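For reference, run-v2.cif (mmCIF, C-alpha atoms):
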data_final
#
loop_
_atom_site.group_PDB
_atom_site.id
_atom_site.type_symbol
_atom_site.label_atom_id
_atom_site.label_comp_id
_atom_site.auth_asym_id
_atom_site.auth_seq_id
_atom_site.Cartn_x
_atom_site.Cartn_y
_atom_site.Cartn_z
ATOM 1 C CA MET M 1 -51.446 -20.017 45.046
ATOM 2 C CA LYS M 2 -49.900 -16.608 44.305
ATOM 3 C CA LYS M 3 -46.598 -17.665 45.867
ATOM 4 C CA SER M 4 -46.566 -20.840 43.794
ATOM 5 C CA ALA M 5 -47.222 -18.888 40.601
ATOM 6 C CA LEU M 6 -44.462 -16.411 41.476
ATOM 7 C CA LEU M 7 -42.012 -19.232 42.137
ATOM 8 C CA LEU M 8 -42.969 -20.881 38.837
ATOM 9 C CA ILE M 9 -42.457 -17.644 36.873
ATOM 10 C CA THR M 10 -39.121 -17.054 38.609
ATOM 11 C CA ALA M 11 -37.985 -20.565 37.765
ATOM 12 C CA LEU M 12 -39.024 -20.187 34.117
ATOM 13 C CA VAL M 13 -37.254 -16.859 33.709
ATOM 14 C CA SER M 14 -34.147 -18.214 35.414
ATOM 15 C CA SER M 15 -34.075 -21.239 33.149
ATOM 16 C CA MET M 16 -34.460 -19.021 30.050
ATOM 17 C CA LEU M 17 -31.602 -16.778 31.122
ATOM 18 C CA TYR M 18 -29.269 -19.485 32.354
ATOM 19 C CA GLY M 19 -26.049 -19.305 30.379
ATOM 20 C CA GLN M 20 -27.029 -15.913 28.907
ATOM 21 C CA ILE M 21 -25.599 -13.619 31.556
ATOM 22 C CA ALA M 22 -22.390 -11.665 30.984
ATOM 23 C CA LEU M 23 -20.518 -9.467 33.446
ATOM 24 C CA GLY M 24 -17.343 -7.480 33.120
ATOM 25 C CA PRO M 25 -15.399 -4.226 33.399
ATOM 26 C CA LYS M 26 -15.308 -1.546 30.754
ATOM 27 C CA ILE M 27 -13.351 1.582 29.947
ATOM 28 C CA GLY M 28 -14.150 4.379 27.544
ATOM 29 C CA ILE M 29 -13.749 7.972 26.434
ATOM 30 C CA ASN M 30 -16.430 10.659 26.575
ATOM 31 C CA VAL M 31 -16.583 13.681 24.307
ATOM 32 C CA ASN M 32 -19.077 16.022 25.958
ATOM 33 C CA ARG M 33 -20.542 19.335 24.802
ATOM 34 C CA LEU M 34 -22.805 21.635 26.781
ATOM 35 C CA SER M 35 -25.411 23.269 24.566
ATOM 36 C CA THR M 36 -26.809 26.534 25.903
ATOM 37 C CA ASP M 37 -28.981 29.469 24.949
ATOM 38 C CA MET M 38 -28.092 32.969 26.043
ATOM 39 C CA SER M 39 -29.840 36.328 26.089
ATOM 40 C CA GLU M 40 -29.887 38.737 23.161
ATOM 41 C CA SER M 41 -26.940 40.651 24.660
ATOM 42 C CA ILE M 42 -24.606 37.850 23.563
ATOM 43 C CA THR M 43 -23.068 38.723 20.201
ATOM 44 C CA LEU M 44 -20.793 35.672 19.876
ATOM 45 C CA LEU M 45 -21.281 32.222 21.365
ATOM 46 C CA LYS M 46 -18.991 29.244 20.780
ATOM 47 C CA GLU M 47 -19.546 25.834 22.360
ATOM 48 C CA GLN M 48 -16.580 23.450 22.542
ATOM 49 C CA SER M 49 -16.366 19.808 23.552
ATOM 50 C CA LYS M 50 -14.376 18.438 26.472
ATOM 51 C CA SER M 51 -13.130 14.865 26.711
ATOM 52 C CA GLY M 52 -13.029 12.655 29.781
ATOM 53 C CA LEU M 53 -12.292 9.106 30.874
ATOM 54 C CA GLN M 54 -15.003 6.568 31.755
ATOM 55 C CA VAL M 55 -14.517 3.408 33.857
ATOM 56 C CA GLY M 56 -16.989 0.957 35.331
ATOM 57 C CA ALA M 57 -18.764 -2.333 34.827
ATOM 58 C CA PHE M 58 -21.661 -3.768 32.862
ATOM 59 C CA ALA M 59 -24.012 -6.728 32.993
ATOM 60 C CA ARG M 60 -25.864 -8.215 30.048
ATOM 61 C CA VAL M 61 -28.867 -10.468 30.464
ATOM 62 C CA GLY M 62 -30.668 -12.206 27.612
ATOM 63 C CA GLY M 63 -30.064 -13.756 24.229
ATOM 64 C CA LYS M 64 -30.844 -12.137 20.879
ATOM 65 C CA THR M 65 -32.717 -9.409 22.747
ATOM 66 C CA TYR M 66 -31.024 -8.350 25.955
ATOM 67 C CA ILE M 67 -30.974 -5.765 28.731
ATOM 68 C CA GLN M 68 -27.680 -4.173 29.756
ATOM 69 C CA PRO M 69 -27.444 -2.135 32.972
ATOM 70 C CA GLU M 70 -24.157 -0.376 33.687
ATOM 71 C CA ILE M 71 -22.551 1.585 36.506
ATOM 72 C CA LEU M 72 -19.811 4.004 35.471
ATOM 73 C CA ILE M 73 -17.639 6.794 36.809
ATOM 74 C CA SER M 74 -17.516 9.307 34.015
ATOM 75 C CA GLY M 75 -15.620 12.491 33.218
ATOM 76 C CA ARG M 76 -17.855 15.135 31.647
ATOM 77 C CA GLY M 77 -17.821 18.831 30.890
ATOM 78 C CA GLY M 78 -17.733 21.463 28.215
ATOM 79 C CA LYS M 79 -16.360 24.843 27.204
ATOM 80 C CA ILE M 80 -18.426 27.914 26.409
ATOM 81 C CA ASN M 81 -16.821 31.024 24.972
ATOM 82 C CA LEU M 82 -18.986 34.109 24.749
ATOM 83 C CA THR M 83 -18.748 37.809 24.067
ATOM 84 C CA SER M 84 -21.352 40.259 25.323
ATOM 85 C CA THR M 85 -22.037 43.617 23.754
ATOM 86 C CA GLY M 86 -19.496 46.108 25.067
ATOM 87 C CA SER M 87 -17.615 43.509 27.146
ATOM 88 C CA SER M 88 -14.460 41.418 26.870
ATOM 89 C CA PRO M 89 -14.725 37.717 25.912
ATOM 90 C CA VAL M 90 -15.463 35.305 28.773
ATOM 91 C CA ASN M 91 -14.398 31.673 28.628
ATOM 92 C CA TYR M 92 -16.217 29.125 30.810
ATOM 93 C CA GLU M 93 -14.793 25.615 31.283
ATOM 94 C CA TYR M 94 -16.941 23.112 33.185
ATOM 95 C CA SER M 95 -15.500 19.833 34.502
ATOM 96 C CA MET M 96 -17.675 17.205 36.166
ATOM 97 C CA THR M 97 -17.189 13.738 37.591
ATOM 98 C CA ALA M 98 -20.456 11.821 37.388
ATOM 99 C CA LEU M 99 -21.927 8.491 38.369
ATOM 100 C CA ASP M 100 -23.628 7.223 35.189
ATOM 101 C CA ILE M 101 -26.306 4.526 35.312
ATOM 102 C CA PRO M 102 -27.470 3.517 31.815
ATOM 103 C CA VAL M 103 -30.145 0.847 31.363
ATOM 104 C CA LEU M 104 -29.959 -0.266 27.730
ATOM 105 C CA ILE M 105 -32.148 -2.597 25.709
ATOM 106 C CA GLY M 106 -30.434 -4.140 22.716
ATOM 107 C CA ASN M 107 -30.876 -6.568 19.872
ATOM 108 C CA LYS M 108 -28.269 -8.676 18.075
ATOM 109 C CA ILE M 109 -28.802 -8.105 14.355
ATOM 110 C CA PHE M 110 -25.861 -10.235 13.189
ATOM 111 C CA ASN M 111 -24.822 -13.258 15.184
ATOM 112 C CA THR M 112 -21.985 -15.724 14.552
ATOM 113 C CA PRO M 113 -19.978 -17.826 17.012
ATOM 114 C CA VAL M 114 -17.072 -15.357 16.782
ATOM 115 C CA ALA M 115 -18.654 -11.920 16.214
ATOM 116 C CA LYS M 116 -21.988 -10.305 17.065
ATOM 117 C CA LEU M 117 -23.300 -6.956 15.830
ATOM 118 C CA ARG M 118 -25.726 -5.159 18.121
ATOM 119 C CA MET M 119 -27.950 -2.073 18.251
ATOM 120 C CA PHE M 120 -29.233 -0.637 21.531
ATOM 121 C CA GLY M 121 -30.852 2.286 23.292
ATOM 122 C CA GLY M 122 -32.254 3.343 26.615
ATOM 123 C CA PRO M 123 -32.300 5.903 29.431
ATOM 124 C CA VAL M 124 -29.252 7.183 31.288
ATOM 125 C CA ALA M 125 -29.235 8.752 34.759
ATOM 126 C CA SER M 126 -26.104 10.723 35.689
ATOM 127 C CA PHE M 127 -25.404 12.196 39.122
ATOM 128 C CA ASN M 128 -22.619 14.743 39.473
ATOM 129 C CA LEU M 129 -20.220 13.790 42.258
ATOM 130 C CA ASN M 130 -17.849 16.679 41.682
ATOM 131 C CA LYS M 131 -18.128 19.943 39.757
ATOM 132 C CA LYS M 132 -15.447 22.459 38.801
ATOM 133 C CA LEU M 133 -15.549 25.727 36.891
ATOM 134 C CA LYS M 134 -12.822 27.870 35.376
ATOM 135 C CA ILE M 135 -13.657 31.341 34.089
ATOM 136 C CA ASN M 136 -10.847 32.774 31.963
ATOM 137 C CA GLU M 137 -8.539 30.034 33.348
ATOM 138 C CA LEU M 138 -9.255 30.989 36.988
ATOM 139 C CA ASN M 139 -10.838 28.451 39.359
ATOM 140 C CA HIS M 140 -14.141 29.438 40.927
ATOM 141 C CA THR M 141 -15.897 28.299 44.055
ATOM 142 C CA SER M 142 -18.820 25.896 44.116
ATOM 143 C CA GLU M 143 -21.249 28.788 44.668
ATOM 144 C CA ASP M 144 -20.456 29.971 41.132
ATOM 145 C CA ILE M 145 -21.188 26.610 39.496
ATOM 146 C CA HIS M 146 -24.828 26.778 38.468
ATOM 147 C CA ILE M 147 -25.088 23.152 37.352
ATOM 148 C CA LYS M 148 -27.703 20.772 38.724
ATOM 149 C CA ASP M 149 -26.651 17.482 40.289
ATOM 150 C CA ALA M 150 -28.708 15.223 37.985
ATOM 151 C CA ILE M 151 -28.523 14.763 34.212
ATOM 152 C CA TRP M 152 -31.202 12.694 32.456
ATOM 153 C CA ALA M 153 -30.509 11.492 28.948
ATOM 154 C CA ILE M 154 -31.512 9.006 26.272
ATOM 155 C CA ALA M 155 -28.784 6.954 24.611
ATOM 156 C CA ALA M 156 -28.611 5.127 21.291
ATOM 157 C CA GLY M 157 -25.777 3.301 19.626
ATOM 158 C CA ALA M 158 -24.271 0.188 18.155
ATOM 159 C CA GLY M 159 -21.707 -2.354 19.240
ATOM 160 C CA VAL M 160 -19.796 -5.409 18.205
ATOM 161 C CA ASP M 161 -18.713 -8.411 20.279
ATOM 162 C CA VAL M 162 -15.621 -10.348 19.245
ATOM 163 C CA LEU M 163 -14.981 -13.363 21.443
ATOM 164 C CA MET M 164 -14.853 -12.026 25.019
ATOM 165 C CA PHE M 165 -14.467 -8.350 24.044
ATOM 166 C CA THR M 166 -17.286 -5.867 23.476
ATOM 167 C CA PHE M 167 -16.906 -2.523 21.676
ATOM 168 C CA ASP M 168 -19.633 0.142 21.842
ATOM 169 C CA ILE M 169 -20.251 3.524 20.222
ATOM 170 C CA ARG M 170 -23.124 5.592 21.572
ATOM 171 C CA TYR M 171 -24.617 9.067 21.608
ATOM 172 C CA GLU M 172 -26.421 10.543 24.622
ATOM 173 C CA LEU M 173 -28.955 13.318 24.196
ATOM 174 C CA GLY M 174 -29.598 15.277 27.394
ATOM 175 C CA LEU M 175 -33.275 15.663 28.232
ATOM 176 C CA ASN M 176 -33.337 18.125 31.133
ATOM 177 C CA ASN M 177 -32.058 21.641 31.676
ATOM 178 C CA ILE M 178 -28.992 21.202 33.908
ATOM 179 C CA SER M 179 -28.480 24.924 34.521
ATOM 180 C CA SER M 180 -29.786 26.356 37.776
ATOM 181 C CA GLU M 181 -29.175 29.893 36.540
ATOM 182 C CA PRO M 182 -32.525 31.727 36.148
ATOM 183 C CA GLY M 183 -33.445 32.304 32.511
ATOM 184 C CA GLN M 184 -30.708 30.062 31.121
ATOM 185 C CA SER M 185 -30.998 26.641 29.538
ATOM 186 C CA MET M 186 -28.119 24.176 29.259
ATOM 187 C CA LYS M 187 -28.247 20.582 28.035
ATOM 188 C CA SER M 188 -25.655 17.854 27.684
ATOM 189 C CA ARG M 189 -24.652 16.225 24.403
ATOM 190 C CA LEU M 190 -22.248 13.295 24.749
ATOM 191 C CA PHE M 191 -20.458 10.902 22.394
ATOM 192 C CA ASN M 192 -18.894 7.792 23.916
ATOM 193 C CA VAL M 193 -16.597 5.012 22.743
ATOM 194 C CA SER M 194 -15.973 2.103 25.113
ATOM 195 C CA LEU M 195 -14.313 -1.289 25.333
ATOM 196 C CA GLY M 196 -15.545 -4.036 27.659
ATOM 197 C CA TRP M 197 -14.305 -7.463 28.671
ATOM 198 C CA LYS M 198 -16.801 -10.238 29.388
ATOM 199 C CA ILE M 199 -15.128 -12.170 32.184
ATOM 200 C CA PHE M 200 -18.228 -14.119 33.186
#

Structure re-expressed in structure tokens:
Amino acid sequence: MKKSALLLITALVSSMLYGQIALGPKIGINVNRLSTDMSESITLLKEQSKSGLQVGAFARVGGKTYIQPEILISGRGGKINLTSTGSSPVNYEYSMTALDIPVLIGNKIFNTPVAKLRMFGGPVASFNLNKKLKINELNHTSEDIHIKDAIWAIAAGAGVDVLMFTFDIRYELGLNNISSEPGQSMKSRLFNVSLGWKIF
């Protein structure tokens, strides 16, 4: 009985989604900033953004309301310039290559045969595959890079579909402290623009 019910539900869901599945590649640009707090000994703190390329693929399942999982290789990072009391300025430049896995839920708020306007949001899991650090333009070893391997974020944005092309703008707000340095907090703030091609 349970197996029959499961098969029936699967068949119903499949029939509802038939013809409403899109797959394709996408490419984009990230503008990432690392937001940090420092101790009271810091007299000047300046956070700067760092841009990076994003490539991957997406799937979209549903009609007016849809779910869109993605898998992306993403360039991330940020620059932090600080001056401590009685010390020379120190410039930190972080560069990361991450595997991003967003799972977005969206809704089409304007729908015509040619163009569709969408709004969406959802969680994003990012796993750092490679991390680099320059301090005053000098490369440092991995032991000096106090950045955790996982970044958890929430994303929100809007997009437009024109024929087979899909254009998205989104903002990701980092949720967890990605610094492994004791007493220091660092979170990711990311703005992304991407272009996708629905080939299926």

Given the PyMOL selection byres ((chain M and resi 169) around 6), the residues it picks as a PDB file with C-alpha atoms, in the frame of the given file:
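Saved result, expr.pdb, follows:
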ATOM      1  CA  GLY M 157     -25.777   3.301  19.626  1.00  0.00           C
ATOM      2  CA  ALA M 158     -24.271   0.188  18.155  1.00  0.00           C
ATOM      3  CA  ASP M 168     -19.633   0.142  21.842  1.00  0.00           C
ATOM      4  CA  ARG M 170     -23.124   5.592  21.572  1.00  0.00           C
ATOM      5  CA  ASN M 192     -18.894   7.792  23.916  1.00  0.00           C
ATOM      6  CA  VAL M 193     -16.597   5.012  22.743  1.00  0.00           C
TER       7      VAL M 193
END

(request) Go through M:Leu129, M:Ile151, M:Val61, M:Val162 one by one, measure the shortest atom-to-atom distance of each to Ser188 (chain M) using all atoms listed in the file, and give the residue with the smallest value. (result)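 Once distances to Ser188 (chain M) are computed over all atoms listed in the file, the minimum belongs to M:Ile151.
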
(message) For the provided coordinates, the residues matched by the PyMOL selection byres ((chain M and resi 98) around 10) should be stated as a ChimeraX atom specification.
(response) /M:54,72-77,95-97,99-101,125-131,149-151

(message) Could you check the closest approach to Ile67 (chain M) for each of M:Ile80, M:Val160, M:Ile21, M:Leu45 and tell me which residue wins, using all atoms listed in the file?
(response)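 Answer, going by the shortest atom-to-atom distance: M:Ile21.
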
Around all the atoms of region 119-129 of chain M listed in the file, with 4 Å of room on each side, what axis-aligned box do you get, giving centre and edge lengths in Å to one decimal, as JSON?
{"center_x": -26.3, "center_y": 6.3, "center_z": 30.3, "size_x": 20.1, "size_y": 24.8, "size_z": 32.0}

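Proximity of M:Gln184, M:Gln48, M:Gln20, M:Asn91 to Asn32 (chain M), computed with all atoms listed in the file, is greatest for M:Gln48.
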
(request) Please measure the separation of CA of Glu181 (chain M) and CA of Ala156 (chain M), giving the value in Å to one decimal. (result) 29.1 Å

(request) Kindly indicate which residue among M:Asn176, M:Asn136, M:Arg118, M:Thr166 lies nearest to Ala57 (chain M), using all atoms listed in the file for the distances. (result) M:Thr166

(request) Determine the nearest neighbour of Leu104 (chain M) from the options M:Phe120, M:Phe191, M:Phe58, M:Tyr171, counting all atoms listed in the file. (result)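 Using all atoms listed in the file, Leu104 (chain M) sits closest to M:Phe120.
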
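With distances taken from (-16.5, 30.3, 27.5) and restricted to all atoms listed in the file, the residues inside 7 Å are M:Lys79, M:Ile80, M:Asn81, M:Leu82, M:Val90, M:Asn91, M:Tyr92, M:Glu93.
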
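Our summary of the geometry notes that CA of Ser88 (chain M) is positioned 25.9 Å from CA of Ile178 (chain M).
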
(request) Might you pull out every residue within 6 Å of Arg189 (chain M), with all atoms listed in the file counted and same-chain residues fewer than 5 positions away left off, and present them as a ChimeraX atom specification? (result) /M:32-33,172-174

(request) Calculate how many Å separate CA of Ser185 (chain M) from CA of Ile154 (chain M), rounding to one decimal. (result) 17.9 Å

(message) Nearest residue to Ser180 (chain M) out of M:Val124, M:Gly78, M:Lys148, M:Met119, using all atoms listed in the file?
(response)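 Distance minimum relative to Ser180 (chain M) lands on M:Lys148.
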
Expand the PyMOL selection byres ((chain M and resi 35) around 6) into the explicit residue set it covers here, and present it as an mmCIF file with C-alpha atoms, in the frame of the given file.
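See out-v6.cif below for the written result:
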data_model
loop_
_atom_site.group_PDB
_atom_site.id
_atom_site.type_symbol
_atom_site.label_atom_id
_atom_site.label_comp_id
_atom_site.auth_asym_id
_atom_site.auth_seq_id
_atom_site.Cartn_x
_atom_site.Cartn_y
_atom_site.Cartn_z
ATOM 1 C CA LEU M 34 -22.805 21.635 26.781
ATOM 2 C CA THR M 36 -26.809 26.534 25.903
ATOM 3 C CA MET M 186 -28.119 24.176 29.259
ATOM 4 C CA LYS M 187 -28.247 20.582 28.035
#

(message) Please list as an MDAnalysis selection string every residue within 8 Å of Leu117 (chain M), counting all atoms listed in the file and excluding residues in the same chain fewer than 5 positions away.
(response) chainID M and resid 108:111 158:161
